[in-house]
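Below is one structure; the comments refer to it alone.
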Amino acid sequence: MAGRYAALERIEHNRKITRQTDGLFLYRLQGGLLLALKEQGRLDEAQYRCAQDRLDRQHRAWLQQQRKGETP
């Protein structure tokens, strides 16, 4: 994967991304970053699973709070 980079060309409809308005996006973004770190060899399988499990638990707790009408 050496030498492959992404570049931002433009931003359309720019707005602030928050956990309250974009929780699912942030969850998936963080999961993607964990997977990328694993694929690059920066996390081993055990570290990846531990981090992904923690992220999943945080996301489930956030969803429960949203259903109850609480602010996380």
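Ordering of the structure tokens sets the chain letters (A, B, ...); residue numbers start at 1 within each chain; ligands are numbered from 1 in the order shown.
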Close residues, Gln30 of chain A itself excluded, 12 Å, only C-alpha atoms, min 6 positions apart in chain, as a PyMOL selection string: chain A and resi 23-24+36-37+48+51-56+58-59
Could you write those residues out with C-alpha atoms, as a JSON list (two decimals), in the first residue's frame?
[["chain", "number", "residue", "atom", "x", "y", "z"],
["A", 23, "GLY", "CA", -23.17, 9.28, 15.06],
["A", 24, "LEU", "CA", -23.39, 6.48, 12.50],
["A", 36, "ALA", "CA", -6.77, 0.46, 7.89],
["A", 37, "LEU", "CA", -4.37, 0.38, 10.86],
["A", 48, "TYR", "CA", -7.85, -4.64, 16.37],
["A", 51, "ALA", "CA", -10.44, -1.71, 19.78],
["A", 52, "GLN", "CA", -13.37, -2.69, 17.53],
["A", 53, "ASP", "CA", -15.18, -4.30, 20.47],
["A", 54, "ARG", "CA", -14.76, -1.13, 22.51],
["A", 55, "LEU", "CA", -15.99, 0.99, 19.62],
["A", 56, "ASP", "CA", -19.01, -1.31, 19.20],
["A", 58, "GLN", "CA", -19.59, 2.77, 22.78],
["A", 59, "HIS", "CA", -21.83, 2.88, 19.72]]
Output as a PyMOL selection string all residues of chain A that backbone DSSP marks as alpha helix (DSSP H). chain A and resi 19-39+45-68
Residue selection dump (N, CA and C atoms) as a CSV table (one decimal), in the first residue's frame:
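The resulting out.csv:
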chain,number,residue,atom,x,y,z
A,19,ARG,N,-21.3,14.1,17.1
A,19,ARG,CA,-21.8,12.8,17.4
A,19,ARG,C,-23.4,12.8,17.5
A,20,GLN,N,-24.0,13.9,17.8
A,20,GLN,CA,-25.4,14.0,17.9
A,20,GLN,C,-26.1,14.0,16.5
A,21,THR,N,-25.4,14.6,15.5
A,21,THR,CA,-26.1,14.6,14.2
A,21,THR,C,-25.5,13.6,13.3
A,22,ASP,N,-24.3,13.0,13.5
A,22,ASP,CA,-23.7,12.1,12.6
A,22,ASP,C,-23.1,10.9,13.3
A,23,GLY,N,-23.7,10.4,14.3
A,23,GLY,CA,-23.2,9.3,15.1
A,23,GLY,C,-22.8,8.1,14.2
A,24,LEU,N,-23.7,7.7,13.3
A,24,LEU,CA,-23.4,6.5,12.5
A,24,LEU,C,-22.2,6.7,11.6
A,25,PHE,N,-22.1,7.9,11.0
A,25,PHE,CA,-21.0,8.3,10.2
A,25,PHE,C,-19.7,8.2,10.9
A,26,LEU,N,-19.6,8.7,12.1
A,26,LEU,CA,-18.4,8.7,12.9
A,26,LEU,C,-18.1,7.3,13.4
A,27,TYR,N,-19.1,6.5,13.7
A,27,TYR,CA,-18.8,5.1,14.1
A,27,TYR,C,-18.2,4.3,12.9
A,28,ARG,N,-18.7,4.5,11.7
A,28,ARG,CA,-18.2,3.8,10.6
A,28,ARG,C,-16.8,4.4,10.2
A,29,LEU,N,-16.6,5.7,10.3
A,29,LEU,CA,-15.3,6.2,10.1
A,29,LEU,C,-14.2,5.7,11.0
A,30,GLN,N,-14.5,5.6,12.3
A,30,GLN,CA,-13.6,5.1,13.2
A,30,GLN,C,-13.3,3.6,13.0
A,31,GLY,N,-14.4,2.8,12.6
A,31,GLY,CA,-14.2,1.4,12.3
A,31,GLY,C,-13.3,1.3,11.1
A,32,GLY,N,-13.4,2.1,10.1
A,32,GLY,CA,-12.6,2.1,8.9
A,32,GLY,C,-11.1,2.4,9.2
A,33,LEU,N,-10.9,3.4,10.1
A,33,LEU,CA,-9.6,3.7,10.5
A,33,LEU,C,-8.9,2.5,11.2
A,34,LEU,N,-9.7,1.9,12.1
A,34,LEU,CA,-9.1,0.7,12.8
A,34,LEU,C,-8.7,-0.4,11.8
A,35,LEU,N,-9.6,-0.6,10.8
A,35,LEU,CA,-9.3,-1.6,9.8
A,35,LEU,C,-8.1,-1.3,9.0
A,36,ALA,N,-7.9,0.0,8.7
A,36,ALA,CA,-6.8,0.5,7.9
A,36,ALA,C,-5.5,0.3,8.7
A,37,LEU,N,-5.5,0.6,10.0
A,37,LEU,CA,-4.4,0.4,10.9
A,37,LEU,C,-4.0,-1.1,10.9
A,38,LYS,N,-5.0,-2.0,11.0
A,38,LYS,CA,-4.7,-3.4,11.0
A,38,LYS,C,-4.1,-3.8,9.7
A,39,GLU,N,-4.6,-3.4,8.6
A,39,GLU,CA,-4.1,-3.8,7.3
A,39,GLU,C,-2.7,-3.3,7.1
A,45,GLU,N,-4.0,-8.5,15.2
A,45,GLU,CA,-5.4,-9.0,15.2
A,45,GLU,C,-6.1,-8.8,16.6
A,46,ALA,N,-5.4,-9.1,17.7
A,46,ALA,CA,-5.9,-8.9,19.0
A,46,ALA,C,-6.2,-7.5,19.4
A,47,GLN,N,-5.2,-6.6,19.0
A,47,GLN,CA,-5.4,-5.2,19.2
A,47,GLN,C,-6.6,-4.6,18.5
A,48,TYR,N,-6.7,-5.1,17.2
A,48,TYR,CA,-7.8,-4.6,16.4
A,48,TYR,C,-9.2,-5.1,17.0
A,49,ARG,N,-9.3,-6.4,17.3
A,49,ARG,CA,-10.5,-6.9,17.9
A,49,ARG,C,-10.9,-6.2,19.2
A,50,CYS,N,-9.9,-5.9,20.0
A,50,CYS,CA,-10.2,-5.2,21.3
A,50,CYS,C,-10.7,-3.8,21.0
A,51,ALA,N,-10.0,-3.1,20.1
A,51,ALA,CA,-10.4,-1.7,19.8
A,51,ALA,C,-11.8,-1.7,19.1
A,52,GLN,N,-12.1,-2.6,18.2
A,52,GLN,CA,-13.4,-2.7,17.5
A,52,GLN,C,-14.5,-3.1,18.5
A,53,ASP,N,-14.2,-4.0,19.4
A,53,ASP,CA,-15.2,-4.3,20.5
A,53,ASP,C,-15.5,-3.1,21.3
A,54,ARG,N,-14.5,-2.3,21.7
A,54,ARG,CA,-14.8,-1.1,22.5
A,54,ARG,C,-15.6,-0.1,21.7
A,55,LEU,N,-15.2,0.1,20.5
A,55,LEU,CA,-16.0,1.0,19.6
A,55,LEU,C,-17.4,0.5,19.5
A,56,ASP,N,-17.7,-0.8,19.3
A,56,ASP,CA,-19.0,-1.3,19.2
A,56,ASP,C,-19.8,-1.1,20.5
A,57,ARG,N,-19.2,-1.3,21.6
A,57,ARG,CA,-19.9,-1.0,22.9
A,57,ARG,C,-20.2,0.4,23.1
A,58,GLN,N,-19.3,1.3,22.7
A,58,GLN,CA,-19.6,2.8,22.8
A,58,GLN,C,-20.8,3.1,21.9
A,59,HIS,N,-20.8,2.6,20.7
A,59,HIS,CA,-21.8,2.9,19.7
A,59,HIS,C,-23.2,2.4,20.2
A,60,ARG,N,-23.2,1.2,20.8
A,60,ARG,CA,-24.5,0.6,21.3
A,60,ARG,C,-25.0,1.5,22.5
A,61,ALA,N,-24.1,1.9,23.4
A,61,ALA,CA,-24.4,2.8,24.5
A,61,ALA,C,-25.0,4.1,23.9
A,62,TRP,N,-24.4,4.7,22.9
A,62,TRP,CA,-24.8,5.9,22.3
A,62,TRP,C,-26.2,5.7,21.7
A,63,LEU,N,-26.5,4.6,21.0
A,63,LEU,CA,-27.8,4.3,20.5
A,63,LEU,C,-28.8,4.2,21.5
A,64,GLN,N,-28.5,3.6,22.7
A,64,GLN,CA,-29.5,3.4,23.8
A,64,GLN,C,-29.8,4.8,24.3
A,65,GLN,N,-28.8,5.7,24.5
A,65,GLN,CA,-29.1,7.0,25.0
A,65,GLN,C,-29.9,7.8,24.0
A,66,GLN,N,-29.7,7.6,22.7
A,66,GLN,CA,-30.5,8.3,21.7
A,66,GLN,C,-32.0,7.9,21.8
A,67,ARG,N,-32.2,6.6,22.0
A,67,ARG,CA,-33.6,6.1,22.0
A,67,ARG,C,-34.3,6.6,23.3
A,68,LYS,N,-33.5,6.8,24.4
A,68,LYS,CA,-34.1,7.3,25.6
A,68,LYS,C,-34.3,8.9,25.5
